[in-house]
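Colleague: Structure file target-v6.txt (compact mmCIF, C-alpha atoms and all ligand atoms) right here:
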# COMPACT_ATOMS: atom_id res chain seq x y z
CA MET A 1 94.21 -128.04 57.67
CA ASN A 2 91.97 -125.53 55.85
CA SER A 3 92.11 -125.77 52.06
CA GLU A 4 92.64 -122.61 50.06
CA HIS A 5 90.81 -120.98 47.15
CA GLU A 6 91.41 -117.68 45.49
CA VAL A 7 87.69 -116.93 45.33
CA LEU A 8 84.52 -117.99 47.15
CA ILE A 9 81.26 -117.44 45.26
CA ILE A 10 78.26 -117.61 47.58
CA GLY A 11 75.25 -118.51 45.42
CA GLY A 12 74.92 -120.47 42.19
CA GLY A 13 72.10 -118.58 40.50
CA PRO A 14 72.58 -116.58 37.28
CA ALA A 15 74.88 -114.08 39.03
CA GLY A 16 77.15 -116.62 40.73
CA LEU A 17 77.31 -118.94 37.71
CA SER A 18 78.32 -116.07 35.43
CA ALA A 19 80.95 -114.87 37.91
CA ALA A 20 82.31 -118.43 37.94
CA LEU A 21 82.47 -118.47 34.13
CA ALA A 22 84.54 -115.26 34.05
CA LEU A 23 86.86 -116.68 36.74
CA GLY A 24 87.15 -120.06 35.00
CA ARG A 25 88.08 -118.44 31.70
CA MET A 26 90.88 -116.58 33.44
CA SER A 27 92.04 -119.82 35.17
CA ARG A 28 91.24 -118.51 38.64
CA ASN A 29 90.73 -121.02 41.37
CA ALA A 30 87.20 -120.62 42.76
CA LEU A 31 84.74 -122.48 44.98
CA LEU A 32 81.08 -121.95 44.06
CA CYS A 33 78.64 -122.83 46.86
CA ASP A 34 74.91 -123.13 46.34
CA ASP A 35 72.17 -124.36 48.65
CA SER A 36 69.40 -124.71 46.02
CA ARG A 37 67.04 -121.83 46.82
CA PRO A 38 66.83 -120.14 43.40
CA ARG A 39 64.60 -117.07 43.21
CA ASN A 40 62.62 -118.26 40.20
CA ALA A 41 61.93 -121.75 41.61
CA ALA A 42 58.16 -121.16 41.53
CA SER A 43 58.16 -120.58 37.79
CA SER A 44 58.19 -123.14 35.00
CA HIS A 45 59.33 -120.67 32.33
CA LEU A 46 62.30 -118.36 32.23
CA ASN A 47 61.54 -115.57 29.78
CA ASN A 48 63.45 -112.62 28.36
CA PHE A 49 66.84 -114.32 28.00
CA PRO A 50 68.20 -114.38 24.42
CA THR A 51 68.62 -117.91 22.96
CA ARG A 52 66.73 -119.45 25.91
CA ASP A 53 63.41 -117.54 26.01
CA GLY A 54 60.82 -119.78 27.70
CA ILE A 55 63.23 -122.44 28.98
CA HIS A 56 62.61 -124.08 32.38
CA PRO A 57 64.68 -122.19 35.01
CA ALA A 58 66.25 -125.43 36.32
CA GLU A 59 67.30 -126.35 32.79
CA TRP A 60 68.93 -122.93 32.36
CA ARG A 61 70.94 -123.46 35.56
CA ASN A 62 71.93 -126.98 34.39
CA LEU A 63 73.18 -125.59 31.08
CA ALA A 64 75.16 -122.88 32.86
CA ARG A 65 76.67 -125.51 35.20
CA LYS A 66 77.54 -127.67 32.19
CA ASP A 67 79.39 -124.77 30.57
CA LEU A 68 81.59 -124.61 33.67
CA GLU A 69 82.61 -128.28 33.57
CA LYS A 70 85.57 -127.69 31.27
CA TYR A 71 87.11 -125.12 33.63
CA ASN A 72 88.86 -127.36 36.11
CA THR A 73 89.78 -124.47 38.42
CA ILE A 74 86.10 -124.13 39.40
CA ARG A 75 84.88 -126.40 42.20
CA PHE A 76 81.29 -126.83 43.36
CA PHE A 77 79.91 -127.35 46.82
CA GLU A 78 76.21 -128.22 47.18
CA GLY A 79 75.36 -126.63 50.52
CA SER A 80 75.38 -123.40 52.49
CA VAL A 81 78.15 -121.03 53.35
CA LEU A 82 77.54 -120.50 57.06
CA SER A 83 80.02 -117.74 57.85
CA VAL A 84 82.87 -115.68 56.46
CA VAL A 85 85.26 -113.76 58.72
CA ARG A 86 88.38 -111.75 58.02
CA SER A 87 91.57 -113.70 58.48
CA GLY A 88 94.90 -111.99 57.79
CA SER A 89 94.75 -110.37 54.36
CA GLY A 90 91.92 -112.70 53.28
CA PHE A 91 88.93 -114.53 54.75
CA LEU A 92 88.03 -117.76 56.53
CA ALA A 93 84.79 -119.35 55.31
CA LYS A 94 82.84 -122.18 56.95
CA VAL A 95 80.37 -124.31 55.00
CA SER A 96 77.57 -126.64 56.06
CA SER A 97 79.68 -129.82 55.62
CA GLY A 98 81.87 -128.58 58.48
CA GLU A 99 84.80 -127.76 56.19
CA SER A 100 86.62 -124.42 56.34
CA PHE A 101 88.40 -122.60 53.52
CA ILE A 102 90.96 -119.84 53.33
CA ILE A 103 89.89 -117.38 50.65
CA LYS A 104 91.35 -114.25 49.05
CA LYS A 105 88.20 -112.69 47.55
CA ILE A 106 84.49 -113.14 48.20
CA ILE A 107 81.62 -112.77 45.73
CA LEU A 108 78.18 -112.38 47.32
CA ALA A 109 75.72 -113.77 44.75
CA TYR A 110 72.99 -115.00 47.05
CA GLY A 111 69.98 -113.07 45.78
CA VAL A 112 66.94 -111.85 47.68
CA VAL A 113 63.98 -113.40 49.48
CA ASP A 114 60.43 -112.85 48.22
CA LYS A 115 58.14 -112.19 51.14
CA SER A 116 54.88 -114.06 50.69
CA LEU A 117 51.74 -112.15 51.70
CA PRO A 118 49.73 -113.95 54.39
CA ILE A 119 46.68 -114.24 52.11
CA GLN A 120 45.16 -117.59 51.20
CA GLY A 121 46.21 -118.57 47.68
CA PHE A 122 49.13 -116.14 47.38
CA GLN A 123 51.90 -118.70 47.84
CA GLU A 124 50.24 -121.24 45.50
CA LEU A 125 49.88 -118.65 42.73
CA TRP A 126 53.32 -117.01 43.12
CA GLY A 127 55.18 -117.23 39.80
CA LYS A 128 52.09 -118.73 38.12
CA SER A 129 49.39 -116.03 38.18
CA ILE A 130 50.90 -113.64 40.72
CA PHE A 131 54.07 -112.12 39.33
CA HIS A 132 56.84 -109.74 40.34
CA CYS A 133 57.70 -108.39 36.88
CA PRO A 134 55.91 -107.88 33.53
CA TYR A 135 59.10 -108.38 31.50
CA CYS A 136 59.41 -111.90 32.94
CA HIS A 137 55.72 -112.76 32.87
CA GLY A 138 53.57 -110.26 31.00
CA PHE A 139 53.37 -111.17 27.35
CA GLU A 140 51.48 -114.36 28.26
CA VAL A 141 48.70 -112.44 30.08
CA ARG A 142 48.48 -109.40 27.79
CA GLY A 143 44.98 -108.11 27.18
CA SER A 144 43.52 -109.73 30.28
CA LYS A 145 41.97 -108.59 33.55
CA ILE A 146 44.88 -107.63 35.74
CA ALA A 147 45.40 -106.18 39.22
CA LEU A 148 48.37 -104.29 40.60
CA LEU A 149 48.78 -105.13 44.28
CA GLY A 150 50.74 -102.79 46.52
CA ASN A 151 50.64 -99.43 48.19
CA GLY A 152 52.45 -96.09 48.28
CA GLU A 153 54.66 -94.26 45.80
CA MET A 154 56.18 -97.42 44.31
CA LEU A 155 52.79 -98.27 42.73
CA PHE A 156 53.39 -95.53 40.21
CA HIS A 157 56.70 -97.00 39.04
CA MET A 158 55.02 -100.22 37.96
CA LEU A 159 51.68 -98.68 36.88
CA PRO A 160 52.64 -97.55 33.32
CA LEU A 161 53.92 -101.05 32.46
CA ILE A 162 50.82 -102.81 33.71
CA TYR A 163 48.41 -100.17 32.36
CA ASP A 164 49.51 -100.95 28.83
CA LEU A 165 49.32 -104.71 29.40
CA ALA A 166 45.78 -104.94 30.77
CA THR A 167 42.39 -104.45 29.15
CA ASP A 168 40.93 -103.86 32.58
CA LEU A 169 43.24 -102.73 35.39
CA VAL A 170 42.47 -102.49 39.11
CA VAL A 171 44.80 -101.27 41.85
CA LEU A 172 44.51 -103.21 45.10
CA THR A 173 46.06 -101.48 48.10
CA ASN A 174 44.86 -104.14 50.59
CA GLY A 175 44.01 -101.43 53.16
CA LYS A 176 43.87 -97.62 53.10
CA ALA A 177 45.64 -96.23 50.02
CA GLU A 178 48.76 -94.28 50.91
CA ILE A 179 48.86 -92.22 47.76
CA LYS A 180 48.39 -88.54 46.93
CA GLU A 181 45.05 -87.03 45.87
CA GLU A 182 46.44 -86.22 42.41
CA GLN A 183 47.46 -89.86 42.04
CA LYS A 184 43.91 -90.92 42.92
CA ASP A 185 42.66 -88.45 40.28
CA LEU A 186 45.00 -89.95 37.70
CA LEU A 187 43.62 -93.43 38.39
CA LYS A 188 40.06 -92.10 37.96
CA ARG A 189 40.91 -90.30 34.72
CA LYS A 190 42.45 -93.47 33.29
CA ASN A 191 39.52 -95.68 34.41
CA ILE A 192 41.70 -97.64 36.81
CA ARG A 193 39.61 -98.76 39.77
CA LEU A 194 41.20 -98.33 43.19
CA ILE A 195 40.07 -100.90 45.78
CA GLU A 196 41.24 -100.25 49.33
CA GLU A 197 39.35 -103.18 50.88
CA LYS A 198 41.46 -105.83 52.65
CA ILE A 199 41.94 -109.04 50.66
CA LEU A 200 40.74 -112.29 52.20
CA SER A 201 41.84 -114.81 49.55
CA PHE A 202 42.69 -115.57 45.95
CA ALA A 203 40.48 -118.24 44.33
CA HIS A 204 42.16 -120.36 41.68
CA GLU A 205 41.86 -123.48 39.55
CA GLY A 206 45.26 -125.10 39.64
CA GLU A 207 47.77 -122.42 38.66
CA LYS A 208 45.14 -120.08 37.19
CA LEU A 209 43.84 -117.18 39.26
CA LYS A 210 40.06 -116.84 39.05
CA SER A 211 39.09 -114.11 41.50
CA VAL A 212 40.01 -112.01 44.49
CA THR A 213 37.75 -112.17 47.54
CA PHE A 214 37.72 -109.20 49.91
CA GLU A 215 36.97 -109.10 53.63
CA ASN A 216 33.61 -107.38 52.91
CA GLY A 217 32.57 -110.46 50.91
CA GLU A 218 32.87 -108.87 47.47
CA GLU A 219 34.61 -110.72 44.66
CA LEU A 220 36.62 -109.45 41.72
CA GLU A 221 37.34 -111.56 38.68
CA ARG A 222 41.07 -111.38 37.73
CA GLU A 223 43.46 -113.39 35.58
CA ALA A 224 46.80 -112.05 36.78
CA ILE A 225 48.25 -109.94 39.57
CA TYR A 226 51.49 -108.01 39.82
CA ALA A 227 52.61 -107.74 43.43
CA LEU A 228 54.99 -105.00 44.48
CA PRO A 229 57.79 -106.09 46.76
CA SER A 230 58.00 -104.75 50.29
CA PHE A 231 61.04 -102.59 50.97
CA PRO A 232 63.73 -102.93 52.14
CA PHE A 233 64.47 -106.24 50.43
CA LYS A 234 65.59 -109.12 52.63
CA LEU A 235 68.68 -110.90 51.32
CA LYS A 236 69.12 -114.69 51.37
CA SER A 237 72.16 -114.44 53.65
CA GLN A 238 73.53 -111.98 56.22
CA ILE A 239 77.18 -112.71 55.37
CA GLY A 240 77.68 -109.34 53.64
CA GLU A 241 76.30 -107.42 56.62
CA GLU A 242 78.43 -109.47 59.01
CA LEU A 243 81.47 -108.44 56.96
CA GLY A 244 80.37 -104.78 57.18
CA CYS A 245 79.12 -104.25 53.60
CA GLU A 246 76.94 -101.13 53.42
CA LYS A 247 73.43 -101.30 51.99
CA ASP A 248 71.17 -98.67 50.42
CA GLN A 249 67.63 -97.65 51.45
CA PHE A 250 66.13 -100.50 49.39
CA GLY A 251 68.26 -103.13 51.15
CA PHE A 252 70.75 -103.68 48.29
CA TYR A 253 74.52 -103.76 48.73
CA LYS A 254 76.17 -100.56 47.60
CA VAL A 255 78.50 -101.52 44.78
CA ALA A 256 80.94 -99.57 42.68
CA GLU A 257 82.30 -100.47 39.29
CA ARG A 258 82.68 -104.24 38.77
CA GLY A 259 80.65 -105.15 41.85
CA LYS A 260 83.07 -103.88 44.51
CA THR A 261 81.25 -103.47 47.84
CA THR A 262 82.29 -101.03 50.54
CA ILE A 263 84.48 -103.76 52.09
CA GLU A 264 87.87 -104.51 50.55
CA GLY A 265 88.00 -107.90 48.86
CA VAL A 266 84.21 -108.38 48.89
CA PHE A 267 82.17 -108.13 45.68
CA ALA A 268 78.41 -108.45 45.14
CA CYS A 269 76.29 -109.17 42.07
CA GLY A 270 72.79 -110.08 40.98
CA ASP A 271 69.55 -109.28 42.76
CA ASN A 272 71.24 -108.47 46.09
CA SER A 273 72.91 -105.36 44.71
CA SER A 274 70.54 -103.97 42.08
CA PRO A 275 66.84 -103.10 41.78
CA ALA A 276 66.76 -104.50 38.22
CA HIS A 277 65.83 -108.12 38.81
CA SER A 278 66.23 -110.40 35.82
CA VAL A 279 68.31 -113.42 34.87
CA LEU A 280 70.04 -111.53 32.08
CA LEU A 281 70.97 -108.57 34.27
CA ALA A 282 72.02 -110.79 37.19
CA ALA A 283 74.22 -112.78 34.80
CA ALA A 284 75.71 -109.55 33.41
CA SER A 285 76.53 -108.22 36.86
CA GLY A 286 77.99 -111.63 37.80
CA GLY A 287 80.28 -111.40 34.79
CA MET A 288 81.33 -107.90 35.90
CA ALA A 289 82.00 -109.00 39.50
CA GLY A 290 83.99 -111.98 38.19
CA ALA A 291 86.06 -109.59 36.08
CA GLY A 292 86.52 -107.24 39.03
CA VAL A 293 87.92 -110.08 41.11
CA VAL A 294 90.18 -111.27 38.27
CA HIS A 295 91.61 -107.75 37.91
CA GLU A 296 92.33 -107.43 41.64
CA LEU A 297 93.93 -110.88 41.87
CA LEU A 298 96.12 -110.39 38.82
CA ASN A 299 97.12 -106.86 39.78
CA GLU A 300 98.12 -108.13 43.21
CA LYS A 301 100.05 -111.00 41.62
CA LEU A 302 102.02 -108.74 39.28
CA PHE A 303 102.55 -105.64 41.37
CA ALA A 304 102.77 -107.02 44.90
C1 LIG B 401 58.70 -116.24 40.44
C2 LIG B 401 59.80 -115.55 39.69
C3 LIG B 401 59.94 -115.74 38.33
C4 LIG B 401 60.96 -115.10 37.62
N1 LIG B 401 61.02 -115.25 36.28
C5 LIG B 401 61.99 -114.62 35.59
C6 LIG B 401 62.03 -114.71 34.17
O1 LIG B 401 61.20 -115.36 33.53
N2 LIG B 401 63.03 -114.04 33.52
C7 LIG B 401 63.95 -113.29 34.18
O2 LIG B 401 64.83 -112.72 33.54
N3 LIG B 401 63.92 -113.17 35.53
C8 LIG B 401 62.96 -113.81 36.24
N4 LIG B 401 62.91 -113.68 37.60
C9 LIG B 401 63.97 -112.92 38.29
C10 LIG B 401 65.21 -113.81 38.41
O3 LIG B 401 64.84 -115.07 38.92
C11 LIG B 401 66.26 -113.17 39.32
O4 LIG B 401 66.51 -111.84 38.89
C12 LIG B 401 67.56 -113.97 39.27
O5 LIG B 401 67.33 -115.31 39.62
C13 LIG B 401 68.59 -113.38 40.20
O6 LIG B 401 69.74 -114.16 40.17
P1 LIG B 401 70.74 -114.21 41.41
O7 LIG B 401 71.85 -115.10 40.98
O8 LIG B 401 71.06 -112.83 41.88
O9 LIG B 401 69.92 -114.86 42.61
P2 LIG B 401 69.15 -116.26 42.75
O10 LIG B 401 68.65 -116.73 41.46
O11 LIG B 401 68.18 -116.06 43.85
O12 LIG B 401 70.30 -117.26 43.21
C14 LIG B 401 70.91 -117.13 44.47
C15 LIG B 401 71.42 -118.49 44.89
O13 LIG B 401 72.20 -118.32 46.09
C16 LIG B 401 72.00 -119.46 46.91
N5 LIG B 401 72.35 -119.09 48.30
C17 LIG B 401 71.79 -118.16 49.10
N6 LIG B 401 72.43 -118.09 50.29
C18 LIG B 401 73.42 -119.03 50.24
C19 LIG B 401 74.40 -119.45 51.16
N7 LIG B 401 74.54 -118.89 52.38
N8 LIG B 401 75.24 -120.46 50.80
C20 LIG B 401 75.13 -121.05 49.56
N9 LIG B 401 74.21 -120.66 48.65
C21 LIG B 401 73.37 -119.66 48.98
C22 LIG B 401 70.54 -119.80 46.73
O14 LIG B 401 70.32 -121.17 47.03
C23 LIG B 401 70.32 -119.49 45.24
O15 LIG B 401 70.45 -120.65 44.44
C24 LIG B 401 61.88 -114.28 38.32
C25 LIG B 401 61.74 -114.08 39.70
C26 LIG B 401 60.69 -114.68 40.37
C27 LIG B 401 60.51 -114.39 41.85
Is it possible to give me this structure as structure tokens?
Modeller:
Amino acid sequence: MNSEHEVLIIGGGPAGLSAALALGRMSRNALLCDDSRPRNAASSHLNNFPTRDGIHPAEWRNLARKDLEKYNTIRFFEGSVLSVVRSGSGFLAKVSSGESFIIKKIILAYGVVDKSLPIQGFQELWGKSIFHCPYCHGFEVRGSKIALLGNGEMLFHMLPLIYDLATDLVVLTNGKAEIKEEQKDLLKRKNIRLIEEKILSFAHEGEKLKSVTFENGEELEREAIYALPSFPFKLKSQIGEELGCEKDQFGFYKVAERGKTTIEGVFACGDNSSPAHSVLLAAASGGMAGAGVVHELLNEKLFA
């Protein structure tokens, strides 16, 4: 027989853990599943989170898990959710142990995938000297030689943040720049070098970036790189799409107030449903999705 839970949370990162906390505090019965692929795994410091600035990301997750221990309505499963399908007024979920669960509400908290560029050194330096966000990793490299790696319009969203951080800023488009003439002029006026040459490799000593080598043989000394993501974002699971949840042009689930997706009974939170990617904001949206689910469950209980 399939066991039953009011809520299934898919993903135990900041978003899923915070959703679980909201559910636990309201004595809701929830199963939190996590298959240990946290987004910030490559990093040894989690910054920009009040009371825990600079903590190791794994330690932050352990603390959040510990907070949940006293809520005995929250159960954990260490493994993957393989599928979720509609079943009656709820859902049927299958997990990697072979078990199945009957569920009333689903919270998608499974984050996004970072696509690694096929350039030698990129993967090794990801989260160490090649970063996705200056709020997370910027203060530590302020005043150094920095490059912004990416192409197209999105470069100019990140540019002001990095411009102020670097003493010497270079834009690397890794191929022909797809930007307007006036944007090229702006770079010139602000002494920001634009290099369109293809990148061959990143040289490093341990976790420290030393230089960028281009296909024409030239080298550029750099201490840090900010790499723009490629759009649309890929999510860590297709379960939302399989359920019919709509996404926006950037690949994020469309959510309304309190994380409600376009599919009844399905909520989303964290990186998979917002362009603002941080532990604090993922945790906040997890708390909102948890509250959204609590409201629906309790309204149904009282008014049904
Ligand atoms: C290198 C790096 C460093 C970062 N550093 C910082 C920082 O210092 N400060 C900061 O605020 N932000 C930082 N971020 C951003 C931050 O990590 C994310 O915004 C945050 O982790 C998003 O939380 P989330 O819960 O949405 O997703 P995630 O943290 O990605 O968690 C999703 C979880 O879902 C699980 N999962 C996925 N699919 C399934 C499935 N089918 N079944 C079961 N489980 C599943 C995964 O295993 C994973 O544990 C960093 C990001 C990167 C890439």
Colleague: What are the closest atom pairs, with distances in Å to one decimal, for all residues of range 20-98 of chain A lying within 12 Å of range 244-262 of chain A? Consider all atoms listed in the file, order rows by chain and residue number, and present the result as JSON lines.
Modeller:
{"residue": "A:Val84", "atom": "CA", "partner": "A:Gly244", "partner_atom": "CA", "distance": 11.2}
{"residue": "A:Val85", "atom": "CA", "partner": "A:Gly244", "partner_atom": "CA", "distance": 10.3}
{"residue": "A:Arg86", "atom": "CA", "partner": "A:Gly244", "partner_atom": "CA", "distance": 10.7}
Colleague: Give the residues close to ligand LIG 401 (chain B), within 6 Å, counting only C-alpha atoms and all ligand atoms; write them as number ranges by chain.
Modeller: A: 10-16, 33-40, 42-43, 45-48, 79-82, 109-112, 127, 136, 236-237, 270-271, 277-280, 282
Colleague: I'd like the interatomic distance between CA of Ile55 in chain A and CA of Phe267 in chain A, to a tenth of an Å.
Modeller: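 If I compute the distance from CA of Ile55 in chain A to CA of Phe267 in chain A, I get 29.0 Å.
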Colleague: I need the residue nearest Leu32 in chain A from this list: A:His132, A:Arg142, A:Arg189, A:His5. Use all atoms listed in the file for the distance.
Modeller: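 Of the candidates, the smallest distance to Leu32 in chain A is held by A:His5.
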Colleague: When you draw a straight line from CA of Gln123 in chain A to CA of Ser201 in chain A, how long is it in Å?
Modeller: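 Computing it gives 10.9 Å between the two atoms.
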Colleague: Residues within 12 Å of Leu187 in chain A, please, as a CSV table (one decimal) with C-alpha atoms, keeping the file's coordinate frame. Count only C-alpha atoms; anything in the same chain fewer than 6 positions from it doesn't count.
Modeller:
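The file below, part.csv, is the result:
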chain,number,residue,atom,x,y,z
A,155,LEU,CA,52.8,-98.3,42.7
A,156,PHE,CA,53.4,-95.5,40.2
A,159,LEU,CA,51.7,-98.7,36.9
A,160,PRO,CA,52.6,-97.6,33.3
A,163,TYR,CA,48.4,-100.2,32.4
A,169,LEU,CA,43.2,-102.7,35.4
A,170,VAL,CA,42.5,-102.5,39.1
A,171,VAL,CA,44.8,-101.3,41.8
A,172,LEU,CA,44.5,-103.2,45.1
A,179,ILE,CA,48.9,-92.2,47.8
A,180,LYS,CA,48.4,-88.5,46.9
A,181,GLU,CA,45.0,-87.0,45.9
A,193,ARG,CA,39.6,-98.8,39.8
A,194,LEU,CA,41.2,-98.3,43.2
A,195,ILE,CA,40.1,-100.9,45.8
Colleague: Between CA of Phe139 in chain A and CA of Pro50 in chain A, what is the spacing in Å?
Modeller: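 Separating CA of Pro50 in chain A from CA of Phe139 in chain A is a distance of 15.5 Å.
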Colleague: Using only C-alpha atoms - which residues lie no farther than 10 Å from the point (42.2, -109.1, 30.8) in the file's frame? Write them as a count of residues only.
Modeller: 16
Colleague: Calculated over all atoms listed in the file, which of the candidates A:Thr213, A:Ser230, A:Gln238, A:Asn299 has the smallest distance to Gly121 in chain A?
Modeller: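 Once distances to Gly121 in chain A are computed over all atoms listed in the file, the minimum belongs to A:Thr213.
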Colleague: Ranking A:Asn151, A:Asn29, A:Ile239, A:Tyr226 by minimum distance to Lys94 in chain A and counting all atoms listed in the file, which one comes first?
Modeller: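 Of A:Asn151, A:Asn29, A:Ile239, A:Tyr226, the one nearest Lys94 in chain A, counting all atoms listed in the file, is A:Ile239.
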Colleague: Which of these residues is nearest to Met154 in chain A, using only C-alpha atoms: A:Ser87, A:Thr73, A:Gln183, A:Ser97?
Modeller: A:Gln183
Colleague: How would range 144-168 of chain A look with N, CA and C atoms restored, written as a compact mmCIF listing (two decimals), in the coordinates of the input?
Modeller:
# COMPACT_ATOMS: atom_id res chain seq x y z
N SER A 144 44.45 -109.08 29.35
CA SER A 144 43.52 -109.73 30.28
C SER A 144 43.18 -108.81 31.46
N LYS A 145 42.40 -109.37 32.38
CA LYS A 145 41.97 -108.59 33.55
C LYS A 145 43.06 -108.71 34.61
N ILE A 146 43.69 -107.59 34.90
CA ILE A 146 44.88 -107.63 35.74
C ILE A 146 44.70 -106.72 36.95
N ALA A 147 45.38 -107.07 38.05
CA ALA A 147 45.40 -106.18 39.22
C ALA A 147 46.85 -105.89 39.58
N LEU A 148 47.07 -104.67 40.05
CA LEU A 148 48.37 -104.29 40.60
C LEU A 148 48.18 -104.22 42.10
N LEU A 149 48.94 -105.01 42.83
CA LEU A 149 48.78 -105.13 44.28
C LEU A 149 49.97 -104.48 44.98
N GLY A 150 49.67 -103.48 45.78
CA GLY A 150 50.74 -102.79 46.52
C GLY A 150 50.20 -101.48 47.03
N ASN A 151 51.08 -100.70 47.64
CA ASN A 151 50.64 -99.43 48.19
C ASN A 151 51.78 -98.42 48.15
N GLY A 152 51.43 -97.14 48.20
CA GLY A 152 52.45 -96.09 48.28
C GLY A 152 53.01 -95.70 46.92
N GLU A 153 54.03 -94.85 46.99
CA GLU A 153 54.66 -94.26 45.80
C GLU A 153 55.09 -95.30 44.76
N MET A 154 55.60 -96.44 45.22
CA MET A 154 56.18 -97.42 44.31
C MET A 154 55.15 -97.95 43.30
N LEU A 155 53.85 -97.84 43.66
CA LEU A 155 52.79 -98.27 42.73
C LEU A 155 52.95 -97.60 41.38
N PHE A 156 53.38 -96.33 41.44
CA PHE A 156 53.39 -95.53 40.21
C PHE A 156 54.63 -95.77 39.36
N HIS A 157 55.57 -96.55 39.86
CA HIS A 157 56.70 -97.00 39.04
C HIS A 157 56.27 -98.15 38.13
N MET A 158 55.46 -99.03 38.69
CA MET A 158 55.02 -100.22 37.96
C MET A 158 53.80 -99.91 37.09
N LEU A 159 52.98 -98.93 37.52
CA LEU A 159 51.68 -98.68 36.88
C LEU A 159 51.74 -98.53 35.35
N PRO A 160 52.67 -97.72 34.79
CA PRO A 160 52.64 -97.55 33.32
C PRO A 160 52.83 -98.87 32.58
N LEU A 161 53.66 -99.76 33.13
CA LEU A 161 53.92 -101.05 32.46
C LEU A 161 52.68 -101.92 32.45
N ILE A 162 51.98 -101.92 33.59
CA ILE A 162 50.82 -102.81 33.71
C ILE A 162 49.60 -102.21 33.00
N TYR A 163 49.53 -100.87 33.01
CA TYR A 163 48.41 -100.17 32.36
C TYR A 163 48.33 -100.57 30.89
N ASP A 164 49.48 -100.65 30.25
CA ASP A 164 49.51 -100.95 28.83
C ASP A 164 49.25 -102.44 28.54
N LEU A 165 49.44 -103.26 29.57
CA LEU A 165 49.32 -104.71 29.40
C LEU A 165 47.87 -105.18 29.53
N ALA A 166 47.12 -104.47 30.40
CA ALA A 166 45.78 -104.94 30.77
C ALA A 166 44.69 -104.33 29.90
N THR A 167 43.57 -105.07 29.75
CA THR A 167 42.39 -104.45 29.15
C THR A 167 41.59 -103.78 30.26
N ASP A 168 41.72 -104.34 31.45
CA ASP A 168 40.93 -103.86 32.58
C ASP A 168 41.87 -103.94 33.80
